[in-house]
Number of protein chains: 2
Amino acid sequence: MSHDAVRQKFQDFLAEQGLRVTNQRLAIFDAALAQKEHFTAEQLLVHAKAIDDSVSRATVYRTLPLMTGSHALREVDIGSGEKFYLRVTDSNQVAQVVCLDCDKIFEISAPFMEWYGSTVSLKLGLKPVAQRLQVSAQCIAYRSNGRCPNRLKK
Amino acid sequence: MSHDAVRQKFQDFLAEQGLRVTNQRLAIFDAALAQKEHFTAEQLLVHAKAIDDSVSRATVYRTLPLMTGSHALREVDIGSGEKFYLRVTDSNQVAQVVCLDCDKIFEISAPFMEWYGSTVSLKLGLKPVAQRLQVSAQCIAYRSNGRCPNRLKK
DNA sequence: ATCGTTGCAAAGTATTTGCATCGGT
DNA sequence: ACCGATGCAAATACTTTGCAACGAT
């Protein structure tokens, strides 16, 4: 789906919910969709401010649930204090592999997850809503020579 | 394994690390192992205080990593702000099913998880350390008649 | 002209830390 | 006696919220 189509879908979502289409919301939306990798609320604020300087941190936090609610973004929680977000491309059947050395998050497909969630939830009398699988791992390269090929920060 | 055996293992772990066996650490340990269900740091503080009133919040937070490090407890993060802990009984190959209606956490076995973690991590050049699978679901009973059989709070 | 939306700063929530004192070894 | 461990309160990190001004419909 093109950017414009996804953008339109977001605007339709806002309309359906009786919410207004504001410049700030669109700036945050465009900034979010431009990200190729996982990003935090704080990083999104910086990029959104570059588009529209009037965007505030509060509005970013208030807009993120709207974007996940309209399925434009997916929330990725790796249990590290802050939450990450990622543009929705394919399906929800993805797992995250988090490198403990370089903090990089890899997304990989996990086609069996949905089946598993359904099977197990129904057995408990529950209706599955979402599932997530996260693998924590360490760089083999880092272990052996002290350098992590994917290292970003620190 | 009996409580005494696990307790001894914890004390051995402390000794190995050059750490001291204090009354506070033992009170926190005993309180944690007495819990049958998932608990938070705050809940653990209450129970540990009942055993030894001198236990403080800071010591609970400082002791939790020691207990997970010695594999007496397992950390369970459901992405809800606070972390949960659970006594280790069997293996690590368990997944959590979280009911969005009643906040109850069900633990279920997921024997394929470890295989999956290894396969995928190695493909990325990573050494798997841990994996977790979490399914979010809703009570079917609650959806239909407004009551959740497992409801605890709220 | 409404009434939802915004920015700001203050508040909230979960957890961590500095420091003087305490207590295991 | 040494030096790690503790309680307390302050600090931190991320996110949420109250409120008066703003702006989309």
# chains A, B, ... in the order shown; residues from 1 in each chain; ligands from 1
>>> closest_atom_pairs(of="chain A", to="chain D", cutoff="8 Å", atoms="only C-alpha atoms (C1' of nucleotides)", output="tab-separated table")
residue	atom	partner	partner_atom	distance
A:Arg20	CA	D:DA24	C1'	6.6
A:Val21	CA	D:DA24	C1'	7.5
A:Thr22	CA	D:DA24	C1'	7.3
A:Tyr61	CA	D:DT15	C1'	7.6
A:Gly81	CA	D:DC14	C1'	7.0
A:Glu82	CA	D:DC14	C1'	6.3
>>> write_last_selection(atoms="N, CA, C and O atoms", output="PDB file, in the first residue's frame")
ATOM      1  N   ARG A  20     -10.556  14.681  15.065  1.00  0.00           N
ATOM      2  CA  ARG A  20     -10.207  15.664  14.041  1.00  0.00           C
ATOM      3  C   ARG A  20      -8.855  15.400  13.398  1.00  0.00           C
ATOM      4  O   ARG A  20      -7.951  14.860  14.022  1.00  0.00           O
ATOM      5  N   VAL A  21      -8.771  15.781  12.131  1.00  0.00           N
ATOM      6  CA  VAL A  21      -7.517  15.659  11.397  1.00  0.00           C
ATOM      7  C   VAL A  21      -6.745  16.958  11.601  1.00  0.00           C
ATOM      8  O   VAL A  21      -7.123  17.989  11.053  1.00  0.00           O
ATOM      9  N   THR A  22      -5.712  16.914  12.427  1.00  0.00           N
ATOM     10  CA  THR A  22      -4.946  18.132  12.705  1.00  0.00           C
ATOM     11  C   THR A  22      -3.570  18.060  12.062  1.00  0.00           C
ATOM     12  O   THR A  22      -3.089  16.973  11.723  1.00  0.00           O
ATOM     13  N   TYR A  61       2.591  11.243  22.336  1.00  0.00           N
ATOM     14  CA  TYR A  61       2.089  10.153  23.180  1.00  0.00           C
ATOM     15  C   TYR A  61       0.588   9.962  22.991  1.00  0.00           C
ATOM     16  O   TYR A  61       0.093   8.843  23.099  1.00  0.00           O
ATOM     17  N   GLY A  81      11.829  -0.829  29.428  1.00  0.00           N
ATOM     18  CA  GLY A  81      11.455   0.487  29.928  1.00  0.00           C
ATOM     19  C   GLY A  81      10.663   1.254  28.895  1.00  0.00           C
ATOM     20  O   GLY A  81       9.515   1.589  29.116  1.00  0.00           O
ATOM     21  N   GLU A  82      11.271   1.529  27.753  1.00  0.00           N
ATOM     22  CA  GLU A  82      10.534   2.283  26.742  1.00  0.00           C
ATOM     23  C   GLU A  82       9.992   1.363  25.653  1.00  0.00           C
ATOM     24  O   GLU A  82      10.526   0.294  25.396  1.00  0.00           O
TER      25      GLU A  82
END
>>> calpha_fit_and_write(fixed="chain B", moving="chain A", output="compact mmCIF listing (two decimals) with N, CA and C atoms, in the first residue's frame")
# COMPACT_ATOMS: atom_id res chain seq x y z
N MET A 1 12.01 -30.05 43.45
CA MET A 1 13.01 -29.68 44.47
C MET A 1 12.30 -29.04 45.67
N SER A 2 12.70 -29.43 46.86
CA SER A 2 12.08 -28.90 48.08
C SER A 2 12.47 -27.43 48.29
N HIS A 3 11.69 -26.79 49.15
CA HIS A 3 11.98 -25.40 49.45
C HIS A 3 13.39 -25.25 50.01
N ASP A 4 13.73 -26.16 50.95
CA ASP A 4 15.06 -26.08 51.57
C ASP A 4 16.18 -26.24 50.56
N ALA A 5 15.98 -27.11 49.60
CA ALA A 5 17.01 -27.35 48.59
C ALA A 5 17.19 -26.11 47.72
N VAL A 6 16.07 -25.48 47.34
CA VAL A 6 16.14 -24.28 46.50
C VAL A 6 16.77 -23.13 47.29
N ARG A 7 16.41 -23.09 48.58
CA ARG A 7 16.95 -22.06 49.46
C ARG A 7 18.46 -22.21 49.56
N GLN A 8 18.91 -23.46 49.70
CA GLN A 8 20.35 -23.73 49.80
C GLN A 8 21.06 -23.32 48.52
N LYS A 9 20.41 -23.60 47.42
CA LYS A 9 20.97 -23.27 46.11
C LYS A 9 21.14 -21.75 45.99
N PHE A 10 20.17 -21.03 46.53
CA PHE A 10 20.24 -19.56 46.51
C PHE A 10 21.41 -19.07 47.36
N GLN A 11 21.58 -19.69 48.53
CA GLN A 11 22.68 -19.31 49.41
C GLN A 11 24.03 -19.63 48.77
N ASP A 12 24.09 -20.75 48.09
CA ASP A 12 25.32 -21.11 47.38
C ASP A 12 25.62 -20.09 46.30
N PHE A 13 24.56 -19.68 45.61
CA PHE A 13 24.72 -18.68 44.54
C PHE A 13 25.30 -17.39 45.10
N LEU A 14 24.76 -16.96 46.25
CA LEU A 14 25.25 -15.73 46.88
C LEU A 14 26.74 -15.89 47.24
N ALA A 15 27.08 -17.04 47.81
CA ALA A 15 28.46 -17.29 48.21
C ALA A 15 29.40 -17.24 46.99
N GLU A 16 28.99 -17.92 45.94
CA GLU A 16 29.79 -17.93 44.71
C GLU A 16 30.09 -16.53 44.19
N GLN A 17 29.08 -15.66 44.31
CA GLN A 17 29.22 -14.30 43.81
C GLN A 17 29.91 -13.39 44.83
N GLY A 18 30.32 -13.95 45.94
CA GLY A 18 30.95 -13.13 46.97
C GLY A 18 29.97 -12.20 47.65
N LEU A 19 28.69 -12.61 47.66
CA LEU A 19 27.65 -11.79 48.29
C LEU A 19 27.28 -12.39 49.64
N ARG A 20 26.74 -11.54 50.51
CA ARG A 20 26.43 -12.01 51.85
C ARG A 20 25.00 -12.51 51.99
N VAL A 21 24.85 -13.48 52.88
CA VAL A 21 23.53 -14.02 53.18
C VAL A 21 22.95 -13.20 54.33
N THR A 22 22.00 -12.33 54.02
CA THR A 22 21.43 -11.47 55.06
C THR A 22 20.00 -11.89 55.38
N ASN A 23 19.53 -11.46 56.55
CA ASN A 23 18.15 -11.78 56.93
C ASN A 23 17.16 -11.21 55.91
N GLN A 24 17.43 -10.02 55.45
CA GLN A 24 16.52 -9.41 54.48
C GLN A 24 16.45 -10.23 53.20
N ARG A 25 17.60 -10.64 52.70
CA ARG A 25 17.61 -11.44 51.47
C ARG A 25 16.85 -12.75 51.65
N LEU A 26 17.02 -13.36 52.80
CA LEU A 26 16.32 -14.63 53.04
C LEU A 26 14.82 -14.41 53.20
N ALA A 27 14.44 -13.32 53.85
CA ALA A 27 13.02 -13.03 54.02
C ALA A 27 12.37 -12.80 52.66
N ILE A 28 13.06 -12.06 51.80
CA ILE A 28 12.53 -11.79 50.46
C ILE A 28 12.46 -13.09 49.66
N PHE A 29 13.50 -13.89 49.81
CA PHE A 29 13.52 -15.18 49.10
C PHE A 29 12.35 -16.05 49.53
N ASP A 30 12.16 -16.20 50.84
CA ASP A 30 11.08 -17.06 51.34
C ASP A 30 9.72 -16.53 50.92
N ALA A 31 9.56 -15.21 50.97
CA ALA A 31 8.28 -14.61 50.57
C ALA A 31 8.01 -14.89 49.09
N ALA A 32 9.05 -14.78 48.27
CA ALA A 32 8.89 -14.99 46.83
C ALA A 32 8.53 -16.43 46.52
N LEU A 33 9.23 -17.35 47.16
CA LEU A 33 9.00 -18.77 46.88
C LEU A 33 7.64 -19.25 47.38
N ALA A 34 7.06 -18.50 48.32
CA ALA A 34 5.76 -18.90 48.86
C ALA A 34 4.63 -18.53 47.91
N GLN A 35 4.90 -17.65 46.95
CA GLN A 35 3.85 -17.22 46.02
C GLN A 35 3.57 -18.29 44.97
N LYS A 36 2.30 -18.60 44.82
CA LYS A 36 1.93 -19.60 43.82
C LYS A 36 1.65 -18.95 42.46
N GLU A 37 1.26 -17.69 42.50
CA GLU A 37 0.94 -16.98 41.26
C GLU A 37 1.97 -15.90 40.96
N HIS A 38 1.81 -15.24 39.84
CA HIS A 38 2.69 -14.13 39.49
C HIS A 38 2.54 -13.00 40.51
N PHE A 39 3.64 -12.35 40.79
CA PHE A 39 3.58 -11.23 41.75
C PHE A 39 4.49 -10.10 41.27
N THR A 40 4.22 -8.91 41.80
CA THR A 40 5.00 -7.73 41.46
C THR A 40 5.99 -7.44 42.58
N ALA A 41 6.90 -6.52 42.33
CA ALA A 41 7.89 -6.13 43.34
C ALA A 41 7.16 -5.59 44.58
N GLU A 42 6.12 -4.82 44.35
CA GLU A 42 5.38 -4.20 45.45
C GLU A 42 4.69 -5.26 46.32
N GLN A 43 4.08 -6.25 45.68
CA GLN A 43 3.42 -7.32 46.42
C GLN A 43 4.45 -8.12 47.22
N LEU A 44 5.60 -8.34 46.61
CA LEU A 44 6.66 -9.07 47.29
C LEU A 44 7.12 -8.32 48.53
N LEU A 45 7.19 -7.01 48.41
CA LEU A 45 7.60 -6.18 49.56
C LEU A 45 6.66 -6.41 50.74
N VAL A 46 5.37 -6.43 50.49
CA VAL A 46 4.38 -6.63 51.55
C VAL A 46 4.59 -7.98 52.24
N HIS A 47 4.74 -9.03 51.44
CA HIS A 47 4.92 -10.36 52.02
C HIS A 47 6.25 -10.51 52.74
N ALA A 48 7.29 -9.89 52.19
CA ALA A 48 8.60 -9.99 52.83
C ALA A 48 8.60 -9.22 54.16
N LYS A 49 7.91 -8.09 54.18
CA LYS A 49 7.80 -7.29 55.41
C LYS A 49 7.10 -8.09 56.51
N ALA A 50 6.17 -8.95 56.11
CA ALA A 50 5.44 -9.76 57.09
C ALA A 50 6.39 -10.75 57.77
N ILE A 51 7.43 -11.13 57.06
CA ILE A 51 8.42 -12.06 57.62
C ILE A 51 9.48 -11.30 58.41
N ASP A 52 9.96 -10.22 57.80
CA ASP A 52 10.97 -9.39 58.47
C ASP A 52 10.64 -7.94 58.18
N ASP A 53 10.17 -7.25 59.19
CA ASP A 53 9.68 -5.88 59.01
C ASP A 53 10.75 -4.90 58.56
N SER A 54 12.00 -5.28 58.69
CA SER A 54 13.07 -4.34 58.34
C SER A 54 13.35 -4.32 56.82
N VAL A 55 12.66 -5.18 56.07
CA VAL A 55 12.87 -5.21 54.62
C VAL A 55 12.33 -3.93 53.97
N SER A 56 13.13 -3.34 53.13
CA SER A 56 12.69 -2.12 52.44
C SER A 56 12.48 -2.38 50.96
N ARG A 57 11.76 -1.45 50.35
CA ARG A 57 11.49 -1.54 48.91
C ARG A 57 12.78 -1.64 48.12
N ALA A 58 13.76 -0.83 48.48
CA ALA A 58 15.03 -0.82 47.74
C ALA A 58 15.68 -2.19 47.75
N THR A 59 15.65 -2.85 48.90
CA THR A 59 16.29 -4.16 48.98
C THR A 59 15.53 -5.21 48.17
N VAL A 60 14.22 -5.07 48.11
CA VAL A 60 13.44 -5.97 47.26
C VAL A 60 13.91 -5.82 45.82
N TYR A 61 13.99 -4.57 45.36
CA TYR A 61 14.42 -4.33 43.98
C TYR A 61 15.86 -4.79 43.77
N ARG A 62 16.69 -4.70 44.80
CA ARG A 62 18.07 -5.13 44.65
C ARG A 62 18.20 -6.66 44.71
N THR A 63 17.24 -7.32 45.33
CA THR A 63 17.32 -8.77 45.49
C THR A 63 16.68 -9.52 44.32
N LEU A 64 15.69 -8.92 43.69
CA LEU A 64 15.02 -9.59 42.57
C LEU A 64 15.99 -10.07 41.49
N PRO A 65 16.94 -9.24 41.04
CA PRO A 65 17.89 -9.74 40.03
C PRO A 65 18.75 -10.89 40.55
N LEU A 66 18.98 -10.92 41.85
CA LEU A 66 19.77 -12.03 42.40
C LEU A 66 18.97 -13.33 42.31
N MET A 67 17.67 -13.22 42.52
CA MET A 67 16.84 -14.43 42.47
C MET A 67 16.61 -14.90 41.05
N THR A 68 16.50 -13.96 40.10
CA THR A 68 16.37 -14.41 38.71
C THR A 68 17.72 -14.93 38.24
N GLY A 69 18.80 -14.29 38.70
CA GLY A 69 20.14 -14.73 38.32
C GLY A 69 20.46 -16.13 38.80
N SER A 70 19.90 -16.50 39.94
CA SER A 70 20.17 -17.85 40.46
C SER A 70 19.08 -18.82 40.00
N HIS A 71 18.24 -18.36 39.10
CA HIS A 71 17.17 -19.18 38.51
C HIS A 71 16.15 -19.68 39.53
N ALA A 72 15.96 -18.90 40.60
CA ALA A 72 14.92 -19.25 41.57
C ALA A 72 13.60 -18.66 41.07
N LEU A 73 13.71 -17.51 40.41
CA LEU A 73 12.53 -16.84 39.84
C LEU A 73 12.73 -16.61 38.36
N ARG A 74 11.61 -16.41 37.70
CA ARG A 74 11.63 -16.06 36.29
C ARG A 74 10.92 -14.72 36.17
N GLU A 75 11.45 -13.82 35.36
CA GLU A 75 10.81 -12.52 35.15
C GLU A 75 9.79 -12.66 34.03
N VAL A 76 8.61 -12.12 34.26
CA VAL A 76 7.55 -12.18 33.24
C VAL A 76 7.10 -10.77 32.93
N ASP A 77 7.44 -10.31 31.75
CA ASP A 77 7.09 -8.94 31.36
C ASP A 77 5.95 -8.98 30.36
N ILE A 78 4.81 -8.45 30.76
CA ILE A 78 3.68 -8.46 29.83
C ILE A 78 3.45 -7.08 29.22
N GLY A 79 4.46 -6.20 29.39
CA GLY A 79 4.37 -4.88 28.76
C GLY A 79 3.33 -3.98 29.39
N SER A 80 3.22 -4.05 30.72
CA SER A 80 2.17 -3.29 31.40
C SER A 80 2.74 -2.31 32.40
N GLY A 81 3.96 -1.86 32.19
CA GLY A 81 4.55 -0.92 33.14
C GLY A 81 5.34 -1.64 34.20
N GLU A 82 4.66 -2.48 34.98
CA GLU A 82 5.40 -3.18 36.03
C GLU A 82 5.71 -4.61 35.62
N LYS A 83 6.77 -5.14 36.21
CA LYS A 83 7.17 -6.50 35.88
C LYS A 83 6.61 -7.50 36.87
N PHE A 84 6.36 -8.70 36.41
CA PHE A 84 5.88 -9.77 37.27
C PHE A 84 6.98 -10.79 37.43
N TYR A 85 6.87 -11.57 38.50
CA TYR A 85 7.85 -12.62 38.76
C TYR A 85 7.11 -13.89 39.13
N LEU A 86 7.75 -15.01 38.86
CA LEU A 86 7.13 -16.30 39.16
C LEU A 86 8.22 -17.30 39.51
N ARG A 87 7.94 -18.08 40.55
CA ARG A 87 8.83 -19.13 40.97
C ARG A 87 9.11 -20.08 39.80
N VAL A 88 10.35 -20.47 39.63
CA VAL A 88 10.70 -21.41 38.57
C VAL A 88 10.35 -22.82 39.03
N THR A 89 9.54 -23.49 38.25
CA THR A 89 9.23 -24.87 38.61
C THR A 89 9.84 -25.80 37.58
N ASP A 90 9.25 -25.85 36.41
CA ASP A 90 9.76 -26.75 35.37
C ASP A 90 10.81 -26.10 34.48
N SER A 91 10.48 -25.90 33.25
CA SER A 91 11.47 -25.41 32.29
C SER A 91 11.21 -23.95 31.94
N ASN A 92 11.94 -23.49 30.99
CA ASN A 92 11.74 -22.14 30.50
C ASN A 92 10.81 -22.13 29.30
N GLN A 93 10.40 -23.31 28.90
CA GLN A 93 9.59 -23.39 27.69
C GLN A 93 8.12 -23.16 28.00
N VAL A 94 7.84 -21.97 28.52
CA VAL A 94 6.47 -21.63 28.83
C VAL A 94 6.11 -20.32 28.16
N ALA A 95 4.83 -20.21 27.83
CA ALA A 95 4.33 -18.98 27.26
C ALA A 95 3.29 -18.41 28.21
N GLN A 96 3.00 -17.13 28.08
CA GLN A 96 1.97 -16.52 28.91
C GLN A 96 0.76 -16.16 28.06
N VAL A 97 -0.42 -16.46 28.59
CA VAL A 97 -1.64 -15.97 27.98
C VAL A 97 -2.23 -14.97 28.97
N VAL A 98 -2.34 -13.72 28.53
CA VAL A 98 -2.82 -12.67 29.42
C VAL A 98 -4.25 -12.29 29.02
N CYS A 99 -5.16 -12.38 29.98
CA CYS A 99 -6.54 -11.99 29.71
C CYS A 99 -6.67 -10.48 29.86
N LEU A 100 -7.08 -9.82 28.79
CA LEU A 100 -7.19 -8.36 28.81
C LEU A 100 -8.34 -7.90 29.69
N ASP A 101 -9.29 -8.79 29.97
CA ASP A 101 -10.44 -8.42 30.79
C ASP A 101 -10.13 -8.52 32.28
N CYS A 102 -9.51 -9.61 32.68
CA CYS A 102 -9.31 -9.81 34.12
C CYS A 102 -7.85 -9.68 34.54
N ASP A 103 -6.95 -9.39 33.60
CA ASP A 103 -5.53 -9.21 33.91
C ASP A 103 -4.86 -10.47 34.43
N LYS A 104 -5.53 -11.58 34.35
CA LYS A 104 -4.94 -12.81 34.85
C LYS A 104 -3.90 -13.32 33.85
N ILE A 105 -2.83 -13.88 34.39
CA ILE A 105 -1.78 -14.42 33.55
C ILE A 105 -1.80 -15.95 33.67
N PHE A 106 -1.98 -16.62 32.55
CA PHE A 106 -1.94 -18.08 32.53
C PHE A 106 -0.59 -18.50 31.96
N GLU A 107 -0.01 -19.52 32.56
CA GLU A 107 1.25 -20.02 32.00
C GLU A 107 0.97 -21.36 31.34
N ILE A 108 1.46 -21.53 30.14
CA ILE A 108 1.22 -22.76 29.42
C ILE A 108 2.53 -23.23 28.79
N SER A 109 2.64 -24.51 28.58
CA SER A 109 3.90 -24.97 28.02
C SER A 109 3.95 -24.74 26.51
N ALA A 110 5.11 -24.46 26.03
CA ALA A 110 5.30 -24.19 24.60
C ALA A 110 6.61 -24.82 24.17
N PRO A 111 6.59 -26.13 24.04
CA PRO A 111 7.82 -26.89 23.82
C PRO A 111 8.59 -26.54 22.55
N PHE A 112 7.93 -25.93 21.59
CA PHE A 112 8.61 -25.64 20.33
C PHE A 112 9.43 -24.35 20.39
N MET A 113 9.21 -23.56 21.45
CA MET A 113 9.83 -22.24 21.52
C MET A 113 11.35 -22.28 21.48
N GLU A 114 11.91 -23.21 22.23
CA GLU A 114 13.36 -23.24 22.32
C GLU A 114 13.97 -23.59 20.96
N TRP A 115 13.36 -24.55 20.31
CA TRP A 115 13.83 -24.92 18.99
C TRP A 115 13.78 -23.73 18.05
N TYR A 116 12.68 -23.01 18.13
CA TYR A 116 12.49 -21.87 17.25
C TYR A 116 13.55 -20.79 17.51
N GLY A 117 13.76 -20.51 18.79
CA GLY A 117 14.75 -19.50 19.16
C GLY A 117 16.13 -19.85 18.62
N SER A 118 16.52 -21.09 18.77
CA SER A 118 17.84 -21.52 18.30
C SER A 118 17.96 -21.38 16.80
N THR A 119 16.98 -21.92 16.10
CA THR A 119 17.00 -21.91 14.64
C THR A 119 17.20 -20.51 14.10
N VAL A 120 16.35 -19.63 14.61
CA VAL A 120 16.32 -18.28 14.08
C VAL A 120 17.53 -17.45 14.50
N SER A 121 17.96 -17.62 15.74
CA SER A 121 19.08 -16.84 16.23
C SER A 121 20.36 -17.21 15.49
N LEU A 122 20.57 -18.51 15.33
CA LEU A 122 21.79 -18.96 14.67
C LEU A 122 21.85 -18.46 13.22
N LYS A 123 20.69 -18.39 12.61
CA LYS A 123 20.63 -17.89 11.24
C LYS A 123 21.11 -16.43 11.17
N LEU A 124 20.93 -15.71 12.27
CA LEU A 124 21.33 -14.30 12.32
C LEU A 124 22.74 -14.13 12.90
N GLY A 125 23.37 -15.24 13.26
CA GLY A 125 24.70 -15.13 13.86
C GLY A 125 24.62 -14.77 15.33
N LEU A 126 23.55 -15.18 15.98
CA LEU A 126 23.36 -14.86 17.38
C LEU A 126 23.20 -16.13 18.20
N LYS A 127 23.59 -16.05 19.46
CA LYS A 127 23.44 -17.18 20.37
C LYS A 127 22.20 -16.92 21.23
N PRO A 128 21.19 -17.77 21.12
CA PRO A 128 19.95 -17.53 21.87
C PRO A 128 20.18 -17.62 23.38
N VAL A 129 19.59 -16.69 24.12
CA VAL A 129 19.73 -16.69 25.57
C VAL A 129 18.40 -17.02 26.23
N ALA A 130 17.33 -16.44 25.70
CA ALA A 130 16.02 -16.68 26.27
C ALA A 130 14.95 -16.33 25.24
N GLN A 131 13.78 -16.88 25.43
CA GLN A 131 12.70 -16.51 24.54
C GLN A 131 11.40 -16.45 25.31
N ARG A 132 10.52 -15.59 24.87
CA ARG A 132 9.23 -15.55 25.53
C ARG A 132 8.13 -15.33 24.52
N LEU A 133 7.03 -15.98 24.77
CA LEU A 133 5.87 -15.88 23.89
C LEU A 133 4.71 -15.43 24.74
N GLN A 134 4.04 -14.41 24.29
CA GLN A 134 2.92 -13.91 25.04
C GLN A 134 1.70 -13.73 24.15
N VAL A 135 0.60 -14.25 24.60
CA VAL A 135 -0.65 -14.14 23.85
C VAL A 135 -1.59 -13.25 24.65
N SER A 136 -2.13 -12.23 24.02
CA SER A 136 -3.15 -11.39 24.67
C SER A 136 -4.50 -11.89 24.21
N ALA A 137 -5.43 -12.03 25.14
CA ALA A 137 -6.73 -12.57 24.77
C ALA A 137 -7.84 -11.97 25.63
N GLN A 138 -9.05 -12.26 25.27
CA GLN A 138 -10.20 -11.77 26.02
C GLN A 138 -11.08 -12.92 26.46
N CYS A 139 -11.65 -12.81 27.66
CA CYS A 139 -12.56 -13.82 28.20
C CYS A 139 -13.79 -13.96 27.33
N ILE A 140 -14.06 -15.16 26.89
CA ILE A 140 -15.28 -15.38 26.12
C ILE A 140 -16.49 -15.18 27.02
N ALA A 141 -16.40 -15.65 28.27
CA ALA A 141 -17.50 -15.49 29.22
C ALA A 141 -17.81 -14.01 29.45
N TYR A 142 -16.79 -13.20 29.55
CA TYR A 142 -16.98 -11.78 29.80
C TYR A 142 -17.65 -11.10 28.62
N ARG A 143 -17.21 -11.49 27.44
CA ARG A 143 -17.78 -10.93 26.21
C ARG A 143 -19.28 -11.17 26.14
N SER A 144 -19.71 -12.37 26.55
CA SER A 144 -21.11 -12.72 26.35
C SER A 144 -22.02 -12.30 27.51
N ASN A 145 -21.54 -12.39 28.76
CA ASN A 145 -22.45 -12.04 29.85
C ASN A 145 -21.90 -11.00 30.83
N GLY A 146 -20.79 -10.36 30.46
CA GLY A 146 -20.29 -9.27 31.30
C GLY A 146 -19.59 -9.69 32.58
N ARG A 147 -19.42 -10.96 32.79
CA ARG A 147 -18.68 -11.38 33.97
C ARG A 147 -17.46 -12.19 33.58
N CYS A 148 -16.36 -11.91 34.21
CA CYS A 148 -15.14 -12.62 33.87
C CYS A 148 -14.84 -13.59 35.01
N PRO A 149 -14.85 -14.87 34.72
CA PRO A 149 -14.70 -15.88 35.76
C PRO A 149 -13.36 -15.81 36.50
N ASN A 150 -12.38 -15.19 35.89
CA ASN A 150 -11.06 -15.14 36.51
C ASN A 150 -10.73 -13.78 37.09
N ARG A 151 -11.69 -12.89 37.03
CA ARG A 151 -11.41 -11.50 37.41
C ARG A 151 -10.85 -11.39 38.82
N LEU A 152 -9.79 -10.60 38.95
CA LEU A 152 -9.15 -10.44 40.25
C LEU A 152 -9.41 -9.07 40.85
N LYS A 153 -9.12 -8.04 40.08
CA LYS A 153 -9.19 -6.68 40.62
C LYS A 153 -10.04 -5.78 39.72
N LYS A 154 -9.81 -4.49 39.79
CA LYS A 154 -10.48 -3.46 38.99
C LYS A 154 -11.90 -3.18 39.48
>>> interface_residues(of="chain C", to="chain A", cutoff="12 Å", atoms="only C-alpha atoms (C1' of nucleotides)", output="ChimeraX atom specification")
/C:3-9,13-15
>>> write_last_selection(atoms="N, CA, C and O atoms (P, O5', C5', C4', C3', O3' and C1' of nucleotides)", output="CSV table (one decimal), in the first residue's frame")
chain,number,residue,atom,x,y,z
C,3,DC,P,-21.2,21.7,22.0
C,3,DC,O5',-19.9,20.9,21.9
C,3,DC,C5',-19.5,20.2,20.7
C,3,DC,C4',-18.0,20.0,20.7
C,3,DC,C3',-17.4,19.4,22.0
C,3,DC,O3',-16.5,18.4,21.6
C,3,DC,C1',-16.2,21.2,21.5
C,4,DG,P,-16.3,17.1,22.4
C,4,DG,O5',-15.0,16.5,21.7
C,4,DG,C5',-15.1,16.3,20.3
C,4,DG,C4',-13.8,16.7,19.6
C,4,DG,C3',-12.5,16.1,20.1
C,4,DG,O3',-11.6,15.9,19.0
C,4,DG,C1',-12.3,18.4,20.5
C,5,DT,P,-10.2,15.2,19.2
C,5,DT,O5',-9.3,16.5,19.4
C,5,DT,C5',-9.0,17.3,18.2
C,5,DT,C4',-7.8,18.2,18.6
C,5,DT,C3',-6.6,17.4,19.1
C,5,DT,O3',-5.4,17.7,18.4
C,5,DT,C1',-7.1,19.3,20.5
C,6,DT,P,-4.0,17.2,18.7
C,6,DT,O5',-3.3,18.4,19.4
C,6,DT,C5',-3.2,19.7,18.7
C,6,DT,C4',-2.6,20.7,19.6
C,6,DT,C3',-1.4,20.2,20.3
C,6,DT,O3',-0.2,20.9,19.8
C,6,DT,C1',-2.9,21.3,21.8
C,7,DG,P,1.2,20.4,20.2
C,7,DG,O5',1.6,21.4,21.4
C,7,DG,C5',1.6,22.8,21.1
C,7,DG,C4',2.0,23.5,22.4
C,7,DG,C3',3.3,23.0,23.1
C,7,DG,O3',4.0,24.2,23.5
C,7,DG,C1',1.4,22.8,24.5
C,8,DC,P,5.4,24.1,24.0
C,8,DC,O5',5.3,24.2,25.6
C,8,DC,C5',4.5,25.3,26.2
C,8,DC,C4',4.1,25.0,27.6
C,8,DC,C3',5.3,24.3,28.4
C,8,DC,O3',5.7,25.3,29.4
C,8,DC,C1',3.1,23.3,28.8
C,9,DA,P,7.0,24.9,30.2
C,9,DA,O5',6.5,24.6,31.7
C,9,DA,C5',5.2,25.2,32.0
C,9,DA,C4',4.6,24.3,33.1
C,9,DA,C3',5.6,23.7,34.1
C,9,DA,O3',5.0,23.7,35.4
C,9,DA,C1',4.4,21.9,33.1
C,13,DT,P,-0.2,6.8,40.0
C,13,DT,O5',0.9,5.9,39.3
C,13,DT,C5',0.9,5.6,37.9
C,13,DT,C4',2.1,4.8,37.6
C,13,DT,C3',2.5,3.8,38.7
C,13,DT,O3',2.7,2.5,38.1
C,13,DT,C1',4.3,5.1,38.1
C,14,DA,P,2.9,1.2,39.0
C,14,DA,O5',4.4,0.8,38.7
C,14,DA,C5',4.8,0.7,37.3
C,14,DA,C4',6.3,0.6,37.3
C,14,DA,C3',7.0,-0.3,38.3
C,14,DA,O3',7.9,-1.2,37.6
C,14,DA,C1',8.0,1.8,38.4
C,15,DT,P,8.8,-2.3,38.4
C,15,DT,O5',10.2,-1.5,38.5
C,15,DT,C5',10.8,-0.9,37.4
C,15,DT,C4',11.9,0.0,37.8
C,15,DT,C3',13.0,-0.7,38.6
C,15,DT,O3',14.2,-0.8,37.9
C,15,DT,C1',12.6,1.5,39.4
>>> select_by_dssp(residues="stretch 3-120 of chain A", states="strand (DSSP E or B)", output="list of chain:residue names")
A:Phe39, A:Thr40, A:Leu73, A:Arg74, A:Glu75, A:Val76, A:Asp77, A:Ile78, A:Gly79, A:Ser80, A:Glu82, A:Lys83, A:Phe84, A:Tyr85, A:Leu86, A:Arg87, A:Val94, A:Ala95, A:Gln96, A:Val97, A:Val98, A:Cys99, A:Ile105, A:Phe106, A:Glu107, A:Ile108, A:Ser109
